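Asks: Sharing a structure with you now.
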There are 2 protein chains.
Amino acid sequence: MREQKRHPTIEDVARTAGVSRAAVSKVLRNAYGVSPAMKERVAAAIVHLDYRPRVAARAMRGASFTLGIEIPDFGNHFFTRLLGGATRALVDTPYQLIIAPAEGGSQEGYRAIEALADRQVDGIVAISPLVSPEWLERLAERTPIVMIGRHDASTGYDTVVGDDVEGARLVLDHLLGLGHRHIAHLTRSEDVTAPGSGTPHSIRLAVYLERMRAAGLEDFVRVVRTGEGEEAAEASATELLGSGHPPTAIFAAHDELAIGALRAVDEAGVDVSVAGYDDIRIAAQPGISLTTVNQSGEEMGERAVRLLLERIAGRAEPVHEVFAPTLVSRRSTRAPVPAETSAAGAG
Amino acid sequence: MREQKRHPTIEDVARTAGVSRAAVSKVLRNAYGVSPAMKERVAAAIVHLDYRPRVAARAMRGASFTLGIEIPDFGNHFFTRLLGGATRALVDTPYQLIIAPAEGGSQEGYRAIEALADRQVDGIVAISPLVSPEWLERLAERTPIVMIGRHDASTGYDTVVGDDVEGARLVLDHLLGLGHRHIAHLTRSEDVTAPGSGTPHSIRLAVYLERMRAAGLEDFVRVVRTGEGEEAAEASATELLGSGHPPTAIFAAHDELAIGALRAVDEAGVDVSVAGYDDIRIAAQPGISLTTVNQSGEEMGERAVRLLLERIAGRAEPVHEVFAPTLVSRRSTRAPVPAETSAAGAG
DNA sequence: TTGAAAGCGCTAACAA
DNA sequence: TTGTTAGCGCTTTCAA
């Protein structure tokens, strides 16, 4: 009773029901050619033994009917939105979703994706801006794969991505339109923003630089690097605000960073606008009211899964889908307070 | 090139290297008794073919070195904290984590847990207050399992749970101490709070009722039911605030509900205190500043995984671990404004 | 040190 | 309608 019991196998069921393994298998799969009598006996044995077929053994002959999704950071609510959409797309299909977390360094992406492939999933959805295209191409030869958040267009895998050029442009135009000149960009480490790498963050950064220059504000360009989470962002933003020439607005590369920046702004007691990216749920909370860019996470997740199912079904032509973002303007951004007026008002 | 390529197998590697399958297997597992020369040839073939052993095929002979975790709601940040702890506990072990989402009805818990078991995971961590103990006992005979957030003590599976009696008591004492008498409890549907079911929510509710009665406030008892998410909570709270006798404080059964309630309070423009449970990250944000109960999600997740590994290693005696919660008092709770004073002040 | 062969749980021809 | 049997990819005795 204390020992681990052996899983009943199809053989056990067959013996209990007094039939062959093949017969049980047929009943399981509702295959053609089983008498009602046999069906009943087998069903009874299955219930009696509490038998469940092993997906792994099944998969050795065909499909596992399992899809894998790799998620880089569960703390980031945007990924949760993607996941929600992916889950929804699988309702009423025979497929089951398993998730592999890839928290940690950029190498974790490879590890998590491989872990899924090694487990014989029928297809993979991954959010890994940093894994190399060549590596993905190679993987895609064996396992269908859809990448979310990549701007490279491969023939081997499909992509679903938001239009980051447009999204970042919306933010910059909004801030510039409000009258901000001293706008800082709070983003992640260099590896995630390497020029030409095609990552969302690299594009948001490039657009920031381009717009600032186009507006003749290159002297105000200020790129601040930080870690992935809110805490790191708060620390970096605090430092920025305490520096010689604090900005009047901060464009954070994603909402988690923006939340951290908002906290820094609050603690510092200054009047600095903050804009984010993704429109995570909490951004709409009255006490936060974060201006941000909505890129329809749920729909992206849902679309990714549908594309994957199409690939599994045999589609050969690659699909690259771009989602249009929209600006959601909230209280966290407002016109800058002129330094003189502010000083006068305070004095 | 367009077609799906066949996965290389150990047989392919053997043929390429000109050795037997057994030899390849030995090299793979670093087993004793392989010459350096053979090792090298095999390694070369592995790289050349980009070969990766299949976990499923491996698992048919032994362990899969995969642990499964079932998560009911990715939108709830508390579960993310658990997951973070679980992931951390697996660093430097040969185990890999896969997650099965169980969004939806209470039946989804069964489905997700079974999905993990069917995939031959070596053990399961689950957060399912509603699945029956008998069912779990039965499952635990075959697959080691650790339940998070259950107050029932089974000999078949281990449990990791917060002390909900103490946690709820902390909240009630805090609100009563501030002078609140009209305290409402915002919680989920009846099935999750059935008396004696041992779910965290049933206990929080029971403590609420008990403390209100003990304080002679049974006339002010008000239990409001809502859905799982923030949106539902906001709607229910809005209704509550618009009713004849709105409370001066709301004790929400968990932070997501509290966030929704806070929003409702804000929109209604009233002065009502809100307390939550879990201490999700955003609760500390200045614009939210939610009074809540910290129950160390990370540590619970980490502990659950460690207990699971112990079970897999052979421990037979069940362990039931209770985590002590602490109250985190923030701005969202404050002394009630007497109705008359408030009216006078406004006039 | 190496390889042959049996077997893990299941499916799917094919035979009976 | 039912059962026999040959694999699926891998590990692991056991012989050579």
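Convention: chains lettered A, B, ... in structure tokens order; per-chain residue numbering from 1; ligands numbered from 1 as shown.
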For the strand (DSSP E) assignment from backbone DSSP, which residues of stretch 162-275 of chain A qualify? Please present them as a PyMOL selection string.
Replies: chain A and resi 162+183-187+222-225+249-252+273-275
Asks: Mind listing as an mmCIF file with C-alpha atoms (C1' of nucleotides), in the first residue's frame which residues of chain D are within 8 Å of chain B, counting only C-alpha atoms (C1' of nucleotides)?
Replies:
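Output below, filename result.cif:
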data_model
loop_
_atom_site.group_PDB
_atom_site.id
_atom_site.type_symbol
_atom_site.label_atom_id
_atom_site.label_comp_id
_atom_site.auth_asym_id
_atom_site.auth_seq_id
_atom_site.Cartn_x
_atom_site.Cartn_y
_atom_site.Cartn_z
ATOM 1 C "C1'" DG D 9 13.089 4.417 -29.942
ATOM 2 C "C1'" DC D 10 15.351 3.392 -26.163
ATOM 3 C "C1'" DT D 11 17.853 0.793 -22.116
#
Asks: Can I have chain A aligned to chain B? Use a least-squares fit on all Cα atoms paired in order and write it out as a short mmCIF file (atom, residue, chain, number, x, y, z; two decimals) with C-alpha atoms, in the first residue's frame.
Replies:
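Final output, saved to result_28.cif:
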data_model
loop_
_atom_site.label_atom_id
_atom_site.label_comp_id
_atom_site.auth_asym_id
_atom_site.auth_seq_id
_atom_site.Cartn_x
_atom_site.Cartn_y
_atom_site.Cartn_z
CA MET A 1 12.95 20.17 -47.92
CA ARG A 2 9.34 21.21 -47.44
CA GLU A 3 8.33 17.88 -45.98
CA GLN A 4 8.65 17.12 -42.34
CA LYS A 5 11.93 15.34 -41.77
CA ARG A 6 12.06 12.17 -39.79
CA HIS A 7 13.68 12.46 -36.40
CA PRO A 8 17.03 10.69 -36.36
CA THR A 9 17.01 7.72 -34.01
CA ILE A 10 19.64 5.94 -32.04
CA GLU A 11 19.70 3.46 -34.89
CA ASP A 12 20.68 6.19 -37.36
CA VAL A 13 23.47 7.28 -35.09
CA ALA A 14 24.70 3.72 -34.71
CA ARG A 15 24.73 3.20 -38.46
CA THR A 16 26.50 6.46 -39.13
CA ALA A 17 29.14 5.72 -36.52
CA GLY A 18 29.36 2.11 -37.58
CA VAL A 19 28.62 0.76 -34.12
CA SER A 20 25.74 -0.89 -32.30
CA ARG A 21 22.75 0.83 -30.75
CA ALA A 22 23.87 -0.28 -27.35
CA ALA A 23 27.17 1.46 -27.84
CA VAL A 24 25.43 4.71 -28.65
CA SER A 25 23.17 4.34 -25.68
CA LYS A 26 26.17 3.88 -23.43
CA VAL A 27 27.88 6.93 -24.78
CA LEU A 28 24.71 8.92 -24.28
CA ARG A 29 24.41 7.93 -20.68
CA ASN A 30 28.12 8.11 -20.02
CA ALA A 31 27.96 4.48 -18.98
CA TYR A 32 30.96 2.46 -18.02
CA GLY A 33 32.91 0.54 -20.63
CA VAL A 34 33.35 2.64 -23.75
CA SER A 35 36.68 3.33 -25.37
CA PRO A 36 37.63 6.95 -26.05
CA ALA A 37 37.81 6.13 -29.74
CA MET A 38 34.27 4.87 -29.89
CA LYS A 39 33.06 7.70 -27.74
CA GLU A 40 34.51 10.14 -30.20
CA ARG A 41 33.04 8.51 -33.27
CA VAL A 42 29.62 8.31 -31.69
CA ALA A 43 29.80 11.90 -30.52
CA ALA A 44 30.67 12.99 -34.03
CA ALA A 45 27.73 11.11 -35.47
CA ILE A 46 25.41 12.62 -32.89
CA VAL A 47 26.50 16.11 -33.77
CA HIS A 48 26.38 15.38 -37.47
CA LEU A 49 22.82 14.10 -37.35
CA ASP A 50 21.76 16.59 -34.72
CA TYR A 51 20.45 13.67 -32.78
CA ARG A 52 18.44 14.02 -29.56
CA PRO A 53 17.12 11.08 -27.59
CA ARG A 54 13.39 10.99 -27.06
CA VAL A 55 12.32 11.36 -23.51
CA ALA A 56 9.21 9.31 -24.18
CA ALA A 57 11.07 6.28 -25.42
CA ARG A 58 13.47 6.59 -22.55
CA ALA A 59 10.69 6.89 -20.03
CA MET A 60 9.27 3.57 -21.16
CA ARG A 61 12.20 1.92 -19.48
CA GLY A 62 12.63 4.16 -16.48
CA ALA A 63 12.15 7.73 -15.37
CA SER A 64 11.23 10.67 -17.56
CA PHE A 65 12.94 13.16 -15.27
CA THR A 66 10.02 15.43 -15.84
CA LEU A 67 7.87 16.95 -13.13
CA GLY A 68 4.43 18.32 -13.88
CA ILE A 69 2.71 21.23 -12.23
CA GLU A 70 -0.93 22.08 -12.64
CA ILE A 71 -1.92 25.74 -12.39
CA PRO A 72 -5.55 26.84 -12.28
CA ASP A 73 -5.29 30.46 -13.34
CA PHE A 74 -2.38 32.18 -14.99
CA GLY A 75 -4.03 35.53 -14.58
CA ASN A 76 -3.55 35.26 -10.84
CA HIS A 77 -0.11 36.42 -9.98
CA PHE A 78 0.03 34.35 -6.81
CA PHE A 79 0.32 31.22 -8.88
CA THR A 80 3.17 32.79 -10.74
CA ARG A 81 4.97 33.16 -7.45
CA LEU A 82 4.45 29.48 -6.72
CA LEU A 83 5.78 28.66 -10.14
CA GLY A 84 8.85 30.78 -9.62
CA GLY A 85 9.67 28.90 -6.44
CA ALA A 86 9.08 25.54 -8.11
CA THR A 87 11.36 26.43 -10.98
CA ARG A 88 14.04 27.56 -8.60
CA ALA A 89 13.93 24.30 -6.68
CA LEU A 90 14.72 22.39 -9.86
CA VAL A 91 17.90 24.24 -10.72
CA ASP A 92 20.85 21.86 -10.67
CA THR A 93 18.67 18.78 -10.69
CA PRO A 94 18.21 16.62 -13.77
CA TYR A 95 14.50 17.36 -13.68
CA GLN A 96 12.56 19.44 -16.12
CA LEU A 97 9.26 21.13 -15.39
CA ILE A 98 6.20 21.09 -17.57
CA ILE A 99 3.06 23.00 -16.73
CA ALA A 100 -0.50 22.14 -17.50
CA PRO A 101 -2.96 25.01 -17.42
CA ALA A 102 -6.39 24.28 -15.97
CA GLU A 103 -8.26 27.44 -16.83
CA GLY A 104 -11.99 27.08 -16.75
CA GLY A 105 -14.33 25.08 -14.59
CA SER A 106 -13.51 22.86 -11.67
CA GLN A 107 -13.42 19.86 -13.98
CA GLU A 108 -10.38 21.29 -15.67
CA GLY A 109 -8.32 20.37 -12.64
CA TYR A 110 -8.95 16.68 -13.22
CA ARG A 111 -8.22 17.03 -16.89
CA ALA A 112 -4.95 18.86 -16.41
CA ILE A 113 -3.67 16.53 -13.71
CA GLU A 114 -4.57 13.50 -15.79
CA ALA A 115 -2.87 15.01 -18.79
CA LEU A 116 0.32 15.22 -16.78
CA ALA A 117 0.00 11.69 -15.45
CA ASP A 118 -0.67 10.39 -18.96
CA ARG A 119 2.55 12.00 -20.08
CA GLN A 120 4.55 9.93 -17.69
CA VAL A 121 5.81 12.66 -15.45
CA ASP A 122 7.70 11.32 -12.46
CA GLY A 123 5.66 13.43 -10.08
CA ILE A 124 3.00 16.12 -9.93
CA VAL A 125 2.48 19.34 -8.03
CA ALA A 126 -1.11 20.51 -8.23
CA ILE A 127 -3.20 23.39 -7.02
CA SER A 128 -6.70 22.03 -7.10
CA PRO A 129 -8.80 22.63 -4.06
CA LEU A 130 -11.81 20.98 -5.63
CA VAL A 131 -10.69 17.56 -6.82
CA SER A 132 -11.81 14.85 -4.46
CA PRO A 133 -9.45 13.35 -1.89
CA GLU A 134 -10.42 9.84 -2.95
CA TRP A 135 -9.48 10.53 -6.52
CA LEU A 136 -6.18 12.00 -5.43
CA GLU A 137 -5.42 9.07 -3.15
CA ARG A 138 -5.95 6.74 -6.03
CA LEU A 139 -3.76 8.76 -8.35
CA ALA A 140 -1.09 9.05 -5.69
CA GLU A 141 -0.78 5.28 -5.57
CA ARG A 142 0.82 5.47 -8.98
CA THR A 143 2.31 8.91 -9.28
CA PRO A 144 3.78 10.87 -6.38
CA ILE A 145 1.82 14.04 -5.87
CA VAL A 146 2.03 17.15 -3.73
CA MET A 147 -1.00 19.38 -3.33
CA ILE A 148 -0.74 23.08 -2.66
CA GLY A 149 -3.52 24.86 -0.83
CA ARG A 150 -5.42 21.96 0.68
CA HIS A 151 -6.18 21.55 4.34
CA ASP A 152 -7.05 17.88 4.19
CA ALA A 153 -4.34 15.59 5.45
CA SER A 154 -3.89 12.50 3.37
CA THR A 155 -1.45 9.67 3.84
CA GLY A 156 -1.19 9.27 0.09
CA TYR A 157 -0.01 12.73 -0.86
CA ASP A 158 1.84 15.59 0.76
CA THR A 159 0.36 19.02 1.22
CA VAL A 160 1.75 22.51 1.41
CA VAL A 161 -0.68 25.12 2.58
CA GLY A 162 -0.88 28.53 4.19
CA ASP A 163 -2.55 28.92 7.57
CA ASP A 164 -5.78 30.44 6.32
CA VAL A 165 -7.36 30.55 9.75
CA GLU A 166 -4.56 32.73 10.98
CA GLY A 167 -4.39 34.78 7.79
CA ALA A 168 -8.08 35.59 7.74
CA ARG A 169 -7.98 36.32 11.48
CA LEU A 170 -5.19 38.85 10.88
CA VAL A 171 -7.29 40.64 8.30
CA LEU A 172 -10.44 40.70 10.39
CA ASP A 173 -8.63 41.85 13.52
CA HIS A 174 -6.96 44.56 11.49
CA LEU A 175 -10.23 45.86 10.08
CA LEU A 176 -12.07 45.58 13.37
CA GLY A 177 -9.16 47.27 15.09
CA LEU A 178 -9.46 50.19 12.72
CA GLY A 179 -13.04 50.59 13.86
CA HIS A 180 -14.88 48.97 10.97
CA ARG A 181 -18.18 47.32 11.78
CA HIS A 182 -19.78 47.04 8.42
CA ILE A 183 -17.32 44.66 6.76
CA ALA A 184 -18.32 42.72 3.66
CA HIS A 185 -16.59 39.60 2.38
CA LEU A 186 -16.06 39.35 -1.37
CA THR A 187 -15.46 35.76 -2.33
CA ARG A 188 -15.96 33.26 -5.08
CA SER A 189 -18.84 30.94 -5.88
CA GLU A 190 -20.31 28.46 -3.40
CA ASP A 191 -18.50 25.44 -4.74
CA VAL A 192 -15.12 26.92 -3.81
CA THR A 193 -16.28 27.91 -0.34
CA ALA A 194 -18.42 24.97 0.70
CA PRO A 195 -18.23 24.64 4.50
CA GLY A 196 -15.97 21.81 5.56
CA SER A 197 -14.52 21.40 2.09
CA GLY A 198 -11.16 22.48 3.39
CA THR A 199 -10.49 24.93 0.59
CA PRO A 200 -8.62 28.10 1.51
CA HIS A 201 -11.63 30.16 0.50
CA SER A 202 -14.00 28.13 2.64
CA ILE A 203 -11.81 28.76 5.65
CA ARG A 204 -11.40 32.45 5.00
CA LEU A 205 -15.17 32.70 4.77
CA ALA A 206 -15.69 30.68 7.94
CA VAL A 207 -13.26 32.85 9.86
CA TYR A 208 -14.96 35.97 8.56
CA LEU A 209 -18.33 34.74 9.78
CA GLU A 210 -16.92 33.60 13.09
CA ARG A 211 -15.11 36.86 13.83
CA MET A 212 -18.05 38.99 12.84
CA ARG A 213 -20.28 37.03 15.18
CA ALA A 214 -17.74 37.11 17.97
CA ALA A 215 -17.67 40.89 17.63
CA GLY A 216 -21.45 41.02 17.79
CA LEU A 217 -21.68 42.15 14.22
CA GLU A 218 -23.81 39.41 12.70
CA ASP A 219 -26.22 42.05 11.42
CA PHE A 220 -23.44 43.47 9.29
CA VAL A 221 -22.41 40.16 7.77
CA ARG A 222 -22.51 40.44 4.02
CA VAL A 223 -21.05 37.79 1.74
CA VAL A 224 -20.79 38.75 -1.91
CA ARG A 225 -20.14 36.09 -4.54
CA THR A 226 -18.23 36.76 -7.72
CA GLY A 227 -16.30 35.12 -10.53
CA GLU A 228 -12.62 34.32 -10.54
CA GLY A 229 -11.16 37.42 -12.14
CA GLU A 230 -10.70 41.06 -11.48
CA GLU A 231 -13.42 42.17 -13.89
CA ALA A 232 -16.06 40.05 -12.23
CA ALA A 233 -14.94 41.33 -8.85
CA GLU A 234 -15.24 44.90 -9.98
CA ALA A 235 -18.78 44.38 -11.17
CA SER A 236 -19.82 42.65 -7.96
CA ALA A 237 -18.18 45.28 -5.81
CA THR A 238 -19.82 48.06 -7.77
CA GLU A 239 -23.17 46.49 -7.12
CA LEU A 240 -22.36 46.13 -3.45
CA LEU A 241 -21.33 49.75 -3.12
CA GLY A 242 -24.47 50.90 -4.84
CA SER A 243 -26.72 48.92 -2.52
CA GLY A 244 -28.73 50.33 0.34
CA HIS A 245 -26.18 49.87 3.08
CA PRO A 246 -22.69 49.85 1.58
CA PRO A 247 -19.95 48.52 3.85
CA THR A 248 -17.06 50.62 5.10
CA ALA A 249 -14.62 47.81 4.40
CA ILE A 250 -14.33 44.89 2.00
CA PHE A 251 -12.32 41.77 2.76
CA ALA A 252 -11.60 40.20 -0.62
CA ALA A 253 -10.78 36.50 -0.65
CA HIS A 254 -7.70 37.06 -2.80
CA ASP A 255 -5.76 39.96 -4.28
CA GLU A 256 -7.11 39.77 -7.81
CA LEU A 257 -10.58 40.24 -6.39
CA ALA A 258 -9.26 43.02 -4.18
CA ILE A 259 -7.82 44.81 -7.21
CA GLY A 260 -11.23 44.66 -8.85
CA ALA A 261 -12.86 45.93 -5.67
CA LEU A 262 -10.37 48.78 -5.44
CA ARG A 263 -11.31 49.80 -8.92
CA ALA A 264 -14.99 49.77 -8.06
CA VAL A 265 -14.29 51.87 -4.98
CA ASP A 266 -12.34 54.33 -7.04
CA GLU A 267 -15.01 54.65 -9.70
CA ALA A 268 -17.72 55.04 -7.10
CA GLY A 269 -15.65 57.74 -5.46
CA VAL A 270 -16.38 56.43 -1.97
CA ASP A 271 -14.12 55.93 1.00
CA VAL A 272 -14.15 52.20 1.55
CA SER A 273 -11.24 50.13 2.82
CA VAL A 274 -10.20 47.04 0.89
CA ALA A 275 -8.05 44.16 2.08
CA GLY A 276 -6.89 41.23 -0.01
CA TYR A 277 -5.01 37.98 0.40
CA ASP A 278 -1.75 36.67 -1.14
CA ASP A 279 0.37 39.79 -1.47
CA ILE A 280 0.84 39.67 -5.19
CA ARG A 281 3.57 41.95 -6.44
CA ILE A 282 1.40 44.76 -7.66
CA ALA A 283 -0.17 45.10 -4.22
CA ALA A 284 2.91 47.07 -3.15
CA GLN A 285 2.62 49.55 -6.02
CA PRO A 286 2.12 53.07 -4.64
CA GLY A 287 -1.04 53.66 -6.66
CA ILE A 288 -2.55 50.46 -5.29
CA SER A 289 -1.03 50.01 -1.87
CA LEU A 290 -3.21 47.10 -0.93
CA THR A 291 -3.39 45.72 2.58
CA THR A 292 -3.09 41.97 2.25
CA VAL A 293 -1.71 38.75 3.67
CA ASN A 294 1.65 37.45 2.57
CA GLN A 295 1.85 33.69 2.46
CA SER A 296 5.24 33.31 0.81
CA GLY A 297 4.25 31.89 -2.54
CA GLU A 298 7.81 31.30 -3.71
CA GLU A 299 8.70 29.29 -0.64
CA MET A 300 5.54 27.26 -0.90
CA GLY A 301 6.32 26.38 -4.52
CA GLU A 302 9.88 25.53 -3.68
CA ARG A 303 8.89 23.39 -0.73
CA ALA A 304 6.30 21.53 -2.78
CA VAL A 305 8.90 20.53 -5.35
CA ARG A 306 11.34 19.43 -2.68
CA LEU A 307 8.70 17.28 -1.04
CA LEU A 308 7.93 15.77 -4.42
CA LEU A 309 11.56 14.91 -5.05
CA GLU A 310 11.70 13.28 -1.63
CA ARG A 311 8.67 11.18 -2.45
CA ILE A 312 10.17 10.15 -5.75
CA ALA A 313 13.31 9.21 -3.87
CA GLY A 314 11.21 6.88 -1.76
CA ARG A 315 9.85 8.63 1.33
CA ALA A 316 6.70 6.90 2.49
CA GLU A 317 5.47 9.03 5.40
CA PRO A 318 3.23 11.88 4.37
CA VAL A 319 4.21 15.45 5.14
CA HIS A 320 1.77 18.28 5.68
CA GLU A 321 3.39 21.62 5.84
CA VAL A 322 1.69 24.79 7.00
CA PHE A 323 3.10 28.20 6.22
CA ALA A 324 2.54 31.06 8.60
CA PRO A 325 1.05 34.14 6.97
CA THR A 326 1.79 37.73 7.87
CA LEU A 327 -0.33 40.81 7.52
CA VAL A 328 0.99 43.53 5.26
CA SER A 329 -0.78 46.72 6.18
CA ARG A 330 -0.95 49.39 3.49
CA ARG A 331 -2.94 52.45 2.58
CA SER A 332 -5.97 50.65 1.16
CA THR A 333 -7.24 50.13 4.70
CA ARG A 334 -7.82 52.97 7.12
CA ALA A 335 -10.26 53.95 9.81
CA PRO A 336 -13.85 54.31 8.62
CA VAL A 337 -15.28 57.76 8.14
CA PRO A 338 -18.37 58.09 10.36
CA ALA A 339 -21.38 58.58 8.10
CA GLU A 340 -22.51 61.80 9.85
CA THR A 341 -19.09 63.41 9.80
CA SER A 342 -18.71 62.46 6.15
CA ALA A 343 -22.07 63.94 5.23
CA ALA A 344 -21.30 67.05 7.26
CA GLY A 345 -17.92 67.44 5.68
CA ALA A 346 -19.35 67.03 2.23
CA GLY A 347 -22.17 69.50 2.80
#
Asks: Quick one: which chain C residues come within 8 Å of chain B, and what is the nearest atom pair for each with the distance in Å to one decimal, counting only C-alpha atoms (C1' of nucleotides), rows ordered by chain and ascending number, as a tab-separated table?
Replies:
residue	atom	partner	partner_atom	distance
C:DT1	C1'	B:Gly33	CA	6.1
C:DT2	C1'	B:Ala23	CA	7.2
C:DG3	C1'	B:Ser20	CA	6.1
C:DC8	C1'	B:Met60	CA	4.7
C:DG9	C1'	B:Met60	CA	7.5
Asks: Write the residues of the preceding selection, restricted to N, CA and C atoms (P, O5', C5', C4', C3', O3' and C1' of nucleotides), as an mmCIF file, in the first residue's frame.
Replies:
data_model
loop_
_atom_site.group_PDB
_atom_site.id
_atom_site.type_symbol
_atom_site.label_atom_id
_atom_site.label_comp_id
_atom_site.auth_asym_id
_atom_site.auth_seq_id
_atom_site.Cartn_x
_atom_site.Cartn_y
_atom_site.Cartn_z
ATOM 1 P P DT C 1 37.249 -0.781 -20.903
ATOM 2 O "O5'" DT C 1 36.884 -1.355 -22.337
ATOM 3 C "C5'" DT C 1 37.698 -1.081 -23.449
ATOM 4 C "C4'" DT C 1 37.054 -1.756 -24.621
ATOM 5 C "C3'" DT C 1 35.840 -0.996 -25.201
ATOM 6 O "O3'" DT C 1 36.009 -0.923 -26.600
ATOM 7 C "C1'" DT C 1 35.252 -3.238 -24.732
ATOM 8 P P DT C 2 35.016 -0.116 -27.492
ATOM 9 O "O5'" DT C 2 33.907 -1.184 -27.820
ATOM 10 C "C5'" DT C 2 34.049 -1.979 -28.984
ATOM 11 C "C4'" DT C 2 32.994 -3.043 -28.996
ATOM 12 C "C3'" DT C 2 31.609 -2.590 -29.459
ATOM 13 O "O3'" DT C 2 31.471 -2.905 -30.823
ATOM 14 C "C1'" DT C 2 31.530 -4.230 -27.718
ATOM 15 P P DG C 3 30.105 -2.543 -31.572
ATOM 16 O "O5'" DG C 3 29.204 -3.824 -31.260
ATOM 17 C "C5'" DG C 3 29.698 -5.101 -31.640
ATOM 18 C "C4'" DG C 3 28.658 -6.156 -31.332
ATOM 19 C "C3'" DG C 3 27.259 -5.843 -31.862
ATOM 20 O "O3'" DG C 3 26.679 -7.065 -32.284
ATOM 21 C "C1'" DG C 3 27.148 -6.116 -29.543
ATOM 22 P P DC C 8 8.113 -5.984 -20.617
ATOM 23 O "O5'" DC C 8 7.827 -4.442 -20.429
ATOM 24 C "C5'" DC C 8 8.598 -3.622 -19.552
ATOM 25 C "C4'" DC C 8 8.508 -2.203 -20.051
ATOM 26 C "C3'" DC C 8 7.116 -1.831 -20.568
ATOM 27 O "O3'" DC C 8 6.378 -1.201 -19.521
ATOM 28 C "C1'" DC C 8 8.881 -1.058 -22.044
ATOM 29 P P DG C 9 4.905 -1.694 -19.223
ATOM 30 O "O5'" DG C 9 4.068 -0.936 -20.342
ATOM 31 C "C5'" DG C 9 3.982 0.475 -20.301
ATOM 32 C "C4'" DG C 9 3.249 0.961 -21.531
ATOM 33 C "C3'" DG C 9 1.853 0.347 -21.720
ATOM 34 O "O3'" DG C 9 0.956 1.399 -21.997
ATOM 35 C "C1'" DG C 9 3.149 0.072 -23.675
#
Asks: DSSP on the backbone, then: every residue of stretch 240-334 of chain A marked helix (DSSP H, G or I), written as a VMD selection string.
Replies: chain A and resid 240 to 242 255 to 268 281 to 284 297 to 313
Asks: To one decimal in Å, tell me the separation between atom C1' of C:DT11 and atom C1' of D:DA6.
Replies: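 Distance reported for this atom pair: 10.5 Å.
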Asks: Residues near D:DT13, anyone? I mean within 12 Å using only C-alpha atoms (C1' of nucleotides), not counting same-chain ones fewer than 6 positions away, as a list of chain:residue names.
Replies: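 Using only C-alpha atoms (C1' of nucleotides), the neighbours found are B:Ala22, C:DA4, C:DA5, C:DA6, C:DG7.
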Asks: With only C-alpha atoms (C1' of nucleotides) as the counted atoms, please give the residues lying no more than 9 Å from D:DT4, apart from itself and same-chain residues fewer than 6 positions off, as a PyMOL selection string.
Replies: chain C and resi 14-16
